[in-house]
$ cat query_35.cif   # mmCIF, C-alpha atoms
data_protein
loop_
_atom_site.label_atom_id
_atom_site.label_comp_id
_atom_site.auth_asym_id
_atom_site.auth_seq_id
_atom_site.Cartn_x
_atom_site.Cartn_y
_atom_site.Cartn_z
CA GLY A 101 19.08 -7.90 -19.97
CA ASP A 102 16.82 -4.94 -19.38
CA SER A 103 13.97 -5.45 -16.96
CA VAL A 104 11.14 -3.75 -15.07
CA THR A 105 10.05 -4.63 -11.55
CA GLN A 106 6.69 -3.72 -10.07
CA THR A 107 6.61 -4.40 -6.37
CA GLU A 108 2.89 -4.71 -5.85
CA GLY A 109 0.93 -7.45 -7.56
CA GLN A 110 -2.40 -6.26 -6.19
CA VAL A 111 -3.50 -3.02 -4.55
CA ALA A 112 -6.90 -2.51 -2.92
CA LEU A 113 -8.02 1.01 -2.09
CA SER A 114 -11.18 2.93 -1.32
CA GLU A 115 -12.37 5.81 -3.45
CA GLU A 116 -10.46 9.06 -2.82
CA ASP A 117 -7.43 7.20 -1.41
CA PHE A 118 -3.93 8.08 -2.54
CA LEU A 119 -2.32 5.61 -4.92
CA THR A 120 1.32 4.65 -5.28
CA ILE A 121 2.49 1.78 -7.48
CA HIS A 122 6.23 1.21 -7.34
CA CYS A 123 8.26 0.64 -10.49
CA ASN A 124 12.00 0.13 -10.74
CA TYR A 125 13.95 -0.60 -13.86
CA SER A 126 17.27 -2.05 -14.85
CA ALA A 127 18.72 -0.94 -18.16
CA SER A 128 21.86 0.28 -19.79
CA GLY A 129 21.69 3.70 -21.31
CA TYR A 130 18.72 5.98 -21.04
CA PRO A 131 15.50 4.14 -21.78
CA ALA A 132 12.12 5.77 -22.27
CA LEU A 133 9.75 4.80 -19.46
CA PHE A 134 6.02 4.26 -19.84
CA TRP A 135 2.87 3.51 -17.92
CA TYR A 136 0.12 1.54 -19.64
CA VAL A 137 -3.31 0.58 -18.29
CA GLN A 138 -5.34 -2.49 -19.26
CA TYR A 139 -9.06 -2.82 -18.60
CA PRO A 140 -10.83 -6.20 -18.71
CA GLY A 141 -11.35 -7.46 -22.25
CA GLU A 142 -9.11 -4.80 -23.78
CA GLY A 143 -5.53 -4.39 -24.83
CA PRO A 144 -3.18 -2.11 -22.91
CA GLN A 145 -3.63 1.63 -23.39
CA PHE A 146 -0.77 4.12 -23.28
CA LEU A 147 -1.08 6.35 -20.23
CA PHE A 148 2.04 8.51 -20.46
CA ARG A 149 5.80 8.50 -20.98
CA ALA A 150 8.99 10.16 -19.73
CA SER A 151 12.29 10.13 -21.57
CA ARG A 152 14.84 11.92 -19.41
CA ASP A 153 15.89 12.28 -15.81
CA LYS A 154 13.50 14.34 -13.63
CA GLU A 155 10.89 14.53 -16.41
CA LYS A 156 7.33 14.09 -15.15
CA GLY A 157 4.75 12.31 -17.23
CA SER A 158 1.07 12.67 -16.45
CA SER A 159 -2.40 11.87 -17.71
CA ARG A 160 -5.91 11.56 -16.26
CA GLY A 161 -4.65 12.57 -12.79
CA PHE A 162 -1.89 9.94 -12.78
CA GLU A 163 1.73 11.02 -12.72
CA ALA A 164 5.24 9.63 -12.42
CA THR A 165 8.70 11.18 -12.40
CA TYR A 166 11.72 9.63 -14.10
CA ASP A 167 14.44 9.19 -11.50
CA LYS A 168 17.69 7.90 -12.93
CA GLY A 169 19.41 7.99 -9.55
CA THR A 170 17.02 5.49 -7.98
CA THR A 171 16.09 3.89 -11.34
CA SER A 172 12.43 4.41 -10.54
CA PHE A 173 9.22 5.60 -12.19
CA HIS A 174 6.56 5.26 -9.50
CA LEU A 175 2.92 5.84 -10.45
CA ARG A 176 0.88 8.14 -8.21
CA LYS A 177 -2.61 9.51 -8.10
CA ALA A 178 -3.95 11.75 -5.38
CA SER A 179 -7.53 10.48 -5.34
CA VAL A 180 -8.57 7.24 -7.04
CA GLN A 181 -12.02 6.46 -8.38
CA GLU A 182 -13.78 3.14 -8.85
CA SER A 183 -13.35 3.57 -12.61
CA ASP A 184 -9.56 3.44 -12.13
CA SER A 185 -9.81 -0.27 -11.33
CA ALA A 186 -7.58 -1.97 -13.89
CA VAL A 187 -4.14 -3.51 -14.35
CA TYR A 188 -1.29 -1.01 -14.57
CA TYR A 189 1.97 -1.82 -16.32
CA CYS A 190 5.27 -0.03 -16.06
CA ALA A 191 7.37 -0.49 -19.19
CA LEU A 192 10.61 0.59 -20.76
CA GLY A 193 11.54 1.08 -24.37
CA ASP A 194 14.43 -1.19 -25.23
CA PRO A 195 16.86 1.20 -26.97
CA GLY A 196 17.63 0.09 -30.48
CA ALA A 197 15.56 -3.05 -30.10
CA TYR A 198 12.23 -1.76 -31.40
CA LYS A 199 10.24 -3.27 -28.59
CA VAL A 200 8.88 -2.50 -25.13
CA ILE A 201 9.64 -4.50 -22.01
CA PHE A 202 6.69 -4.69 -19.62
CA GLY A 203 6.60 -5.27 -15.88
CA LYS A 204 4.31 -7.95 -14.48
CA GLY A 205 1.52 -5.52 -13.80
CA THR A 206 -0.30 -4.28 -10.69
CA HIS A 207 -3.98 -5.03 -10.34
CA LEU A 208 -5.71 -2.03 -8.77
CA HIS A 209 -9.07 -2.59 -7.11
CA VAL A 210 -10.89 0.53 -6.01
CA LEU A 211 -13.86 -0.06 -3.75
CA PRO A 212 -16.77 2.38 -3.75
CA ASN B 12 -8.84 5.15 -28.57
CA SER B 13 -6.78 2.64 -30.49
CA LYS B 14 -8.13 1.45 -33.81
CA VAL B 15 -6.04 -1.68 -34.13
CA ILE B 16 -8.35 -4.48 -35.22
CA GLN B 17 -7.72 -8.07 -34.26
CA THR B 18 -9.68 -11.08 -35.42
CA PRO B 19 -10.95 -13.40 -34.18
CA ARG B 20 -11.40 -12.27 -30.59
CA TYR B 21 -11.55 -15.87 -29.40
CA LEU B 22 -9.98 -18.98 -30.91
CA VAL B 23 -10.31 -22.54 -29.62
CA LYS B 24 -8.11 -25.26 -31.04
CA GLY B 25 -7.19 -28.82 -30.25
CA GLN B 26 -3.60 -29.79 -29.67
CA GLY B 27 -1.76 -30.17 -32.94
CA GLN B 28 -4.13 -27.92 -34.85
CA LYS B 29 -3.17 -24.74 -36.68
CA ALA B 30 -4.18 -21.44 -35.13
CA LYS B 31 -4.19 -18.27 -37.18
CA MET B 32 -5.00 -14.75 -36.04
CA ARG B 33 -5.02 -11.47 -37.90
CA CYS B 34 -4.31 -7.84 -37.19
CA ILE B 35 -5.06 -4.62 -39.04
CA PRO B 36 -2.82 -1.88 -37.64
CA GLU B 37 -3.97 1.66 -37.07
CA LYS B 38 -4.14 3.59 -40.34
CA GLY B 39 -0.80 5.06 -41.27
CA HIS B 40 1.21 2.96 -38.82
CA PRO B 41 3.95 1.06 -40.63
CA VAL B 42 5.28 -0.79 -37.57
CA VAL B 43 3.45 -3.79 -36.13
CA PHE B 44 4.28 -5.78 -33.00
CA TRP B 45 3.03 -9.12 -31.70
CA TYR B 46 3.10 -10.01 -28.00
CA GLN B 47 1.91 -13.04 -26.07
CA GLN B 48 0.30 -12.29 -22.69
CA ASN B 49 -0.06 -15.27 -20.39
CA LYS B 50 -2.58 -15.84 -17.63
CA ASN B 51 -0.22 -14.16 -15.15
CA ASN B 52 -0.34 -10.97 -17.27
CA GLU B 53 3.28 -11.42 -18.33
CA PHE B 54 4.17 -10.13 -21.79
CA LYS B 55 6.43 -11.94 -24.21
CA PHE B 56 7.56 -10.08 -27.31
CA LEU B 57 7.29 -12.28 -30.39
CA ILE B 58 8.07 -10.29 -33.52
CA ASN B 59 7.74 -6.90 -35.15
CA PHE B 60 7.57 -5.62 -38.70
CA GLN B 61 8.14 -2.37 -40.48
CA ASN B 62 5.95 -2.52 -43.53
CA GLN B 63 6.58 -6.06 -44.76
CA GLU B 64 10.05 -6.51 -43.28
CA VAL B 65 10.87 -8.19 -39.97
CA LEU B 66 12.67 -5.81 -37.60
CA GLN B 67 13.23 -8.20 -34.75
CA GLN B 68 11.92 -11.52 -33.54
CA ILE B 69 12.53 -13.92 -30.71
CA ASP B 70 14.49 -17.02 -31.42
CA MET B 71 11.58 -19.13 -32.58
CA THR B 72 13.52 -22.31 -32.08
CA GLU B 73 10.31 -24.28 -31.94
CA LYS B 74 9.58 -23.14 -35.47
CA ARG B 75 5.89 -23.47 -34.76
CA PHE B 76 5.25 -19.74 -34.91
CA SER B 77 5.25 -17.78 -38.12
CA ALA B 78 4.15 -14.25 -38.91
CA GLU B 79 3.84 -11.97 -41.89
CA CYS B 80 2.61 -8.51 -42.82
CA PRO B 81 1.92 -8.60 -46.56
CA SER B 82 1.28 -5.43 -48.48
CA ASN B 83 -2.40 -4.41 -48.59
CA SER B 84 -3.47 -7.34 -46.40
CA PRO B 85 -3.86 -7.88 -42.66
CA CYS B 86 -0.84 -8.99 -40.70
CA SER B 87 -1.07 -12.50 -39.36
CA LEU B 88 0.39 -14.74 -36.70
CA GLU B 89 0.09 -18.49 -37.12
CA ILE B 90 0.93 -21.38 -34.85
CA GLN B 91 1.49 -24.46 -36.95
CA SER B 92 0.83 -27.10 -34.30
CA SER B 93 -0.84 -25.72 -31.19
CA GLU B 94 0.19 -26.87 -27.74
CA ALA B 95 -1.55 -26.37 -24.40
CA GLY B 96 1.18 -23.94 -23.36
CA ASP B 97 0.26 -21.66 -26.26
CA SER B 98 -3.01 -20.75 -24.56
CA ALA B 99 -2.73 -17.01 -24.02
CA LEU B 100 -3.90 -13.59 -25.18
CA TYR B 101 -2.11 -12.59 -28.37
CA LEU B 102 -1.81 -8.84 -28.67
CA CYS B 103 -1.06 -6.86 -31.79
CA ALA B 104 0.19 -3.30 -31.52
CA SER B 105 1.24 -0.66 -34.00
CA ASN B 106 2.97 2.69 -34.09
CA LEU B 107 4.54 5.22 -36.38
CA THR B 108 8.24 4.69 -35.84
CA GLY B 109 9.02 1.53 -33.89
CA GLU B 110 11.55 3.53 -31.89
CA ASP B 111 11.89 2.71 -28.22
CA TYR B 112 10.46 6.08 -27.12
CA ALA B 113 7.25 5.76 -29.13
CA GLU B 114 4.04 4.58 -27.53
CA GLN B 115 2.37 1.52 -28.94
CA PHE B 116 -1.31 1.25 -29.78
CA PHE B 117 -2.78 -2.12 -28.93
CA GLY B 118 -5.72 -4.07 -30.25
CA PRO B 119 -8.06 -6.01 -27.94
CA GLY B 120 -6.21 -9.26 -28.55
CA THR B 121 -7.07 -12.76 -29.69
CA ARG B 122 -7.58 -15.16 -26.82
CA LEU B 123 -6.35 -18.58 -27.85
CA THR B 124 -7.40 -21.64 -25.88
CA VAL B 125 -5.75 -24.92 -26.77
CA LEU B 126 -7.68 -27.88 -25.42
#
$ encode --input "query_35.cif" --output "structure tokens"
Amino acid sequence: GDSVTQTEGQVALSEEDFLTIHCNYSASGYPALFWYVQYPGEGPQFLFRASRDKEKGSSRGFEATYDKGTTSFHLRKASVQESDSAVYYCALGDPGAYKVIFGKGTHLHVLP
Amino acid sequence: NSKVIQTPRYLVKGQGQKAKMRCIPEKGHPVVFWYQQNKNNEFKFLINFQNQEVLQQIDMTEKRFSAECPSNSPCSLEIQSSEAGDSALYLCASNLTGEDYAEQFFGPGTRLTVL
């Protein structure tokens, strides 16, 4: 079945560091790809989406580019802040199945 | 910010007890999803509805889980006989279309602890 793999379980950075969280997917067809962010005590929040090859999604300084060739949707941010500390989930929309498949999440810790 | 309301925020039950949680989707959203998030942050899709009709659900072979979204009432998820392995965060989400390309709006979750 369709799946999402996030390589990093935890990432620790200092403020103003560059962030990369790797996401690869396995799916038939052309799924929509998402990034969600979850802060402690809250449900996940939609960050952004991309639906076709080479499309870039972005929000709040975060960005990712849909790459069908490498089946990837890596999250990047040029300069992280302490307030970015949260769990980040890569996800794909399961075509025709009316649900989203989430990766296992990457816990980002940003130290002041 | 999402306006999906979930109650209660915390639920503590003994093994074998019923556990019921409710969800009010964002206004105007006809599609509702339920997910279970375990302590390792892994998501498990449970069921979704469009208005009152089930769109898709996992094979609830245990038959302990039931859900409904009645008209003009909150949606609900109920576990008939709770087990320790049911301890998790239960997340409700809603959106306009249910299509795979549409973002979902999540509530804060109900954290169930089964003693």
$ residues_around --input "query_35.cif" --residues "A:Gln110" --least-positions-apart "6" --cutoff "8 Å" --atoms "only C-alpha atoms" --output "NGL selection string"
:A and (206-209)
$ resolve_selection --input "query_35.cif" --expression "the PyMOL selection byres ((chain A and resi 173-189) around 6)" --output "ChimeraX atom specification"
/A:115-123,135-139,161-166,172,190,203,205-210,212
$ residues_around --input "query_35.cif" --residues "stretch 98-104 of chain B" --least-positions-apart "2" --cutoff "6 Å" --atoms "only C-alpha atoms" --output "list in words"
Val43, Phe44, Trp45, Tyr46, Gln47, Gln48, Asn49, Ala95, Gly96, Gln115, Phe116, Phe117, Gly118, Gly120, Thr121, Arg122, Leu123, Thr124 and Val125 of chain B
$ closest_atom_pairs --input "query_35.cif" --of "chain B" --to "chain A" --cutoff "6 Å" --atoms "all atoms listed in the file" --output "JSON lines"
{"residue": "B:Glu53", "atom": "CA", "partner": "A:Lys204", "partner_atom": "CA", "distance": 5.3}
{"residue": "B:Gly109", "atom": "CA", "partner": "A:Tyr198", "partner_atom": "CA", "distance": 5.2}
{"residue": "B:Glu110", "atom": "CA", "partner": "A:Tyr198", "partner_atom": "CA", "distance": 5.4}
{"residue": "B:Asp111", "atom": "CA", "partner": "A:Gly193", "partner_atom": "CA", "distance": 4.2}
{"residue": "B:Tyr112", "atom": "CA", "partner": "A:Ala132", "partner_atom": "CA", "distance": 5.1}
{"residue": "B:Phe117", "atom": "CA", "partner": "A:Gly143", "partner_atom": "CA", "distance": 5.4}
{"residue": "B:Gly118", "atom": "CA", "partner": "A:Gly143", "partner_atom": "CA", "distance": 5.4}
{"residue": "B:Pro119", "atom": "CA", "partner": "A:Gly143", "partner_atom": "CA", "distance": 4.3}
$ resolve_selection --input "query_35.cif" --expression "the PyMOL selection byres ((chain A and resi 104) around 6)" --output "list in words"
Ser103, Thr105, Asn124, Tyr125 and Gly203 of chain A
$ resolve_selection --input "query_35.cif" --expression "the PyMOL selection byres ((chain B and resi 27) around 7)" --output "list in words"
Gly25, Gln26, Gln28, Lys29, Ser92, Ser93 and Glu94 of chain B
$ atom_distance --input "query_35.cif" --atom1 "atom CA of A:Ala127" --atom2 "atom CA of A:Thr170"
12.2 Å
$ closest_residue --input "query_35.cif" --among "B:Cys80, B:Glu64, B:Phe54, B:Ser87" --to "B:Met32" --atoms "all atoms listed in the file"
B:Ser87
$ atom_distance --input "query_35.cif" --atom1 "atom CA of B:Phe60" --atom2 "atom CA of B:Lys14"
17.9 Å
$ closest_residue --input "query_35.cif" --among "B:Ala113, B:Ile58, B:Leu107, B:Cys86" --to "B:Cys34" --atoms "only C-alpha atoms"
B:Cys86
$ residues_near_point --input "query_35.cif" --point "(19.6, 9.1, -20.1)" --cutoff "7 Å" --atoms "only C-alpha atoms" --output "PDB file with C-alpha atoms, in the coordinates of the input"
ATOM      1  CA  GLY A 129      21.690   3.700 -21.310  1.00  0.00           C
ATOM      2  CA  TYR A 130      18.720   5.980 -21.040  1.00  0.00           C
ATOM      3  CA  PRO A 131      15.500   4.140 -21.780  1.00  0.00           C
ATOM      4  CA  ARG A 152      14.840  11.920 -19.410  1.00  0.00           C
ATOM      5  CA  ASP A 153      15.890  12.280 -15.810  1.00  0.00           C
TER       6      ASP A 153
END
$ atom_distance --input "query_35.cif" --atom1 "atom CA of A:Gly109" --atom2 "atom CA of B:Asn51"
10.2 Å
$ residues_near_point --input "query_35.cif" --point "(9.6, -0.4, -41.7)" --cutoff "8 Å" --atoms "only C-alpha atoms" --output "compact mmCIF listing (two decimals) with C-alpha atoms, keeping the file's coordinate frame"
# COMPACT_ATOMS: atom_id res chain seq x y z
CA PRO B 41 3.95 1.06 -40.63
CA VAL B 42 5.28 -0.79 -37.57
CA PHE B 60 7.57 -5.62 -38.70
CA GLN B 61 8.14 -2.37 -40.48
CA ASN B 62 5.95 -2.52 -43.53
CA GLN B 63 6.58 -6.06 -44.76
CA GLU B 64 10.05 -6.51 -43.28
CA LEU B 66 12.67 -5.81 -37.60
CA THR B 108 8.24 4.69 -35.84
$ axis_aligned_box --input "query_35.cif" --around "stretch 173-189 of chain A" --padding-each-side "3 Å" --output "JSON"
{"center_x": -2.3, "center_y": 4.1, "center_z": -10.8, "size_x": 29.0, "size_y": 21.3, "size_z": 17.0}
$ closest_residue --input "query_35.cif" --among "A:Leu211, A:Ala191, A:Ser126, A:Gly169" --to "A:Leu113" --atoms "all atoms listed in the file"
A:Leu211
$ closest_residue --input "query_35.cif" --among "B:Arg33, B:Lys24, B:Lys50, B:Lys55" --to "B:Pro85" --atoms "only C-alpha atoms"
B:Arg33
$ closest_residue --input "query_35.cif" --among "B:Glu37, B:Phe56, B:Gln17, B:Pro81" --to "B:Ile69" --atoms "all atoms listed in the file"
B:Phe56
$ build_atoms --input "query_35.cif" --residues "stretch 16-37 of chain B" --atoms "N, CA, C and O atoms" --output "compact mmCIF listing (two decimals), in the coordinates of the input"
# COMPACT_ATOMS: atom_id res chain seq x y z
N ILE B 16 -7.30 -3.46 -35.15
CA ILE B 16 -8.35 -4.48 -35.22
C ILE B 16 -7.71 -5.86 -35.21
O ILE B 16 -6.79 -6.14 -35.99
N GLN B 17 -8.21 -6.70 -34.33
CA GLN B 17 -7.72 -8.07 -34.26
C GLN B 17 -8.88 -9.04 -34.41
O GLN B 17 -9.94 -8.86 -33.80
N THR B 18 -8.67 -10.05 -35.24
CA THR B 18 -9.68 -11.08 -35.42
C THR B 18 -9.03 -12.45 -35.44
O THR B 18 -7.87 -12.59 -35.87
N PRO B 19 -9.73 -13.49 -34.97
CA PRO B 19 -10.95 -13.40 -34.18
C PRO B 19 -10.64 -12.95 -32.76
O PRO B 19 -9.47 -12.93 -32.35
N ARG B 20 -11.63 -12.62 -31.98
CA ARG B 20 -11.40 -12.27 -30.59
C ARG B 20 -11.12 -13.52 -29.75
O ARG B 20 -10.35 -13.48 -28.81
N TYR B 21 -11.74 -14.62 -30.13
CA TYR B 21 -11.55 -15.87 -29.40
C TYR B 21 -11.29 -16.98 -30.41
O TYR B 21 -11.90 -17.03 -31.47
N LEU B 22 -10.38 -17.88 -30.03
CA LEU B 22 -9.98 -18.98 -30.91
C LEU B 22 -9.78 -20.21 -30.04
O LEU B 22 -9.03 -20.16 -29.05
N VAL B 23 -10.45 -21.29 -30.38
CA VAL B 23 -10.31 -22.54 -29.62
C VAL B 23 -9.80 -23.61 -30.57
O VAL B 23 -10.40 -23.84 -31.63
N LYS B 24 -8.71 -24.23 -30.20
CA LYS B 24 -8.11 -25.26 -31.04
C LYS B 24 -7.75 -26.48 -30.20
O LYS B 24 -7.51 -26.39 -28.99
N GLY B 25 -7.69 -27.61 -30.89
CA GLY B 25 -7.19 -28.82 -30.25
C GLY B 25 -5.68 -28.88 -30.40
O GLY B 25 -5.10 -28.23 -31.28
N GLN B 26 -5.05 -29.66 -29.58
CA GLN B 26 -3.60 -29.79 -29.67
C GLN B 26 -3.22 -30.34 -31.04
O GLN B 26 -3.86 -31.27 -31.55
N GLY B 27 -2.21 -29.74 -31.63
CA GLY B 27 -1.76 -30.17 -32.94
C GLY B 27 -2.41 -29.41 -34.09
O GLY B 27 -1.96 -29.52 -35.24
N GLN B 28 -3.46 -28.66 -33.79
CA GLN B 28 -4.13 -27.92 -34.85
C GLN B 28 -3.44 -26.58 -35.12
O GLN B 28 -2.73 -26.04 -34.28
N LYS B 29 -3.68 -26.05 -36.34
CA LYS B 29 -3.17 -24.74 -36.68
C LYS B 29 -4.06 -23.67 -36.06
O LYS B 29 -5.29 -23.83 -35.98
N ALA B 30 -3.43 -22.59 -35.65
CA ALA B 30 -4.18 -21.44 -35.13
C ALA B 30 -3.67 -20.20 -35.83
O ALA B 30 -2.46 -19.92 -35.83
N LYS B 31 -4.60 -19.45 -36.43
CA LYS B 31 -4.19 -18.27 -37.18
C LYS B 31 -5.00 -17.06 -36.71
O LYS B 31 -6.23 -17.16 -36.58
N MET B 32 -4.34 -15.98 -36.48
CA MET B 32 -5.00 -14.75 -36.04
C MET B 32 -4.49 -13.59 -36.88
O MET B 32 -3.37 -13.63 -37.40
N ARG B 33 -5.33 -12.57 -37.00
CA ARG B 33 -5.02 -11.47 -37.90
C ARG B 33 -5.07 -10.12 -37.19
O ARG B 33 -5.73 -9.97 -36.15
N CYS B 34 -4.39 -9.17 -37.79
CA CYS B 34 -4.31 -7.84 -37.19
C CYS B 34 -4.28 -6.79 -38.29
O CYS B 34 -3.50 -6.91 -39.25
N ILE B 35 -5.13 -5.78 -38.17
CA ILE B 35 -5.06 -4.62 -39.04
C ILE B 35 -4.56 -3.47 -38.19
O ILE B 35 -5.24 -3.04 -37.24
N PRO B 36 -3.36 -2.95 -38.48
CA PRO B 36 -2.82 -1.88 -37.64
C PRO B 36 -3.59 -0.59 -37.84
O PRO B 36 -4.37 -0.45 -38.78
N GLU B 37 -3.35 0.35 -36.95
CA GLU B 37 -3.97 1.66 -37.07
C GLU B 37 -3.51 2.29 -38.39
O GLU B 37 -2.36 2.12 -38.82
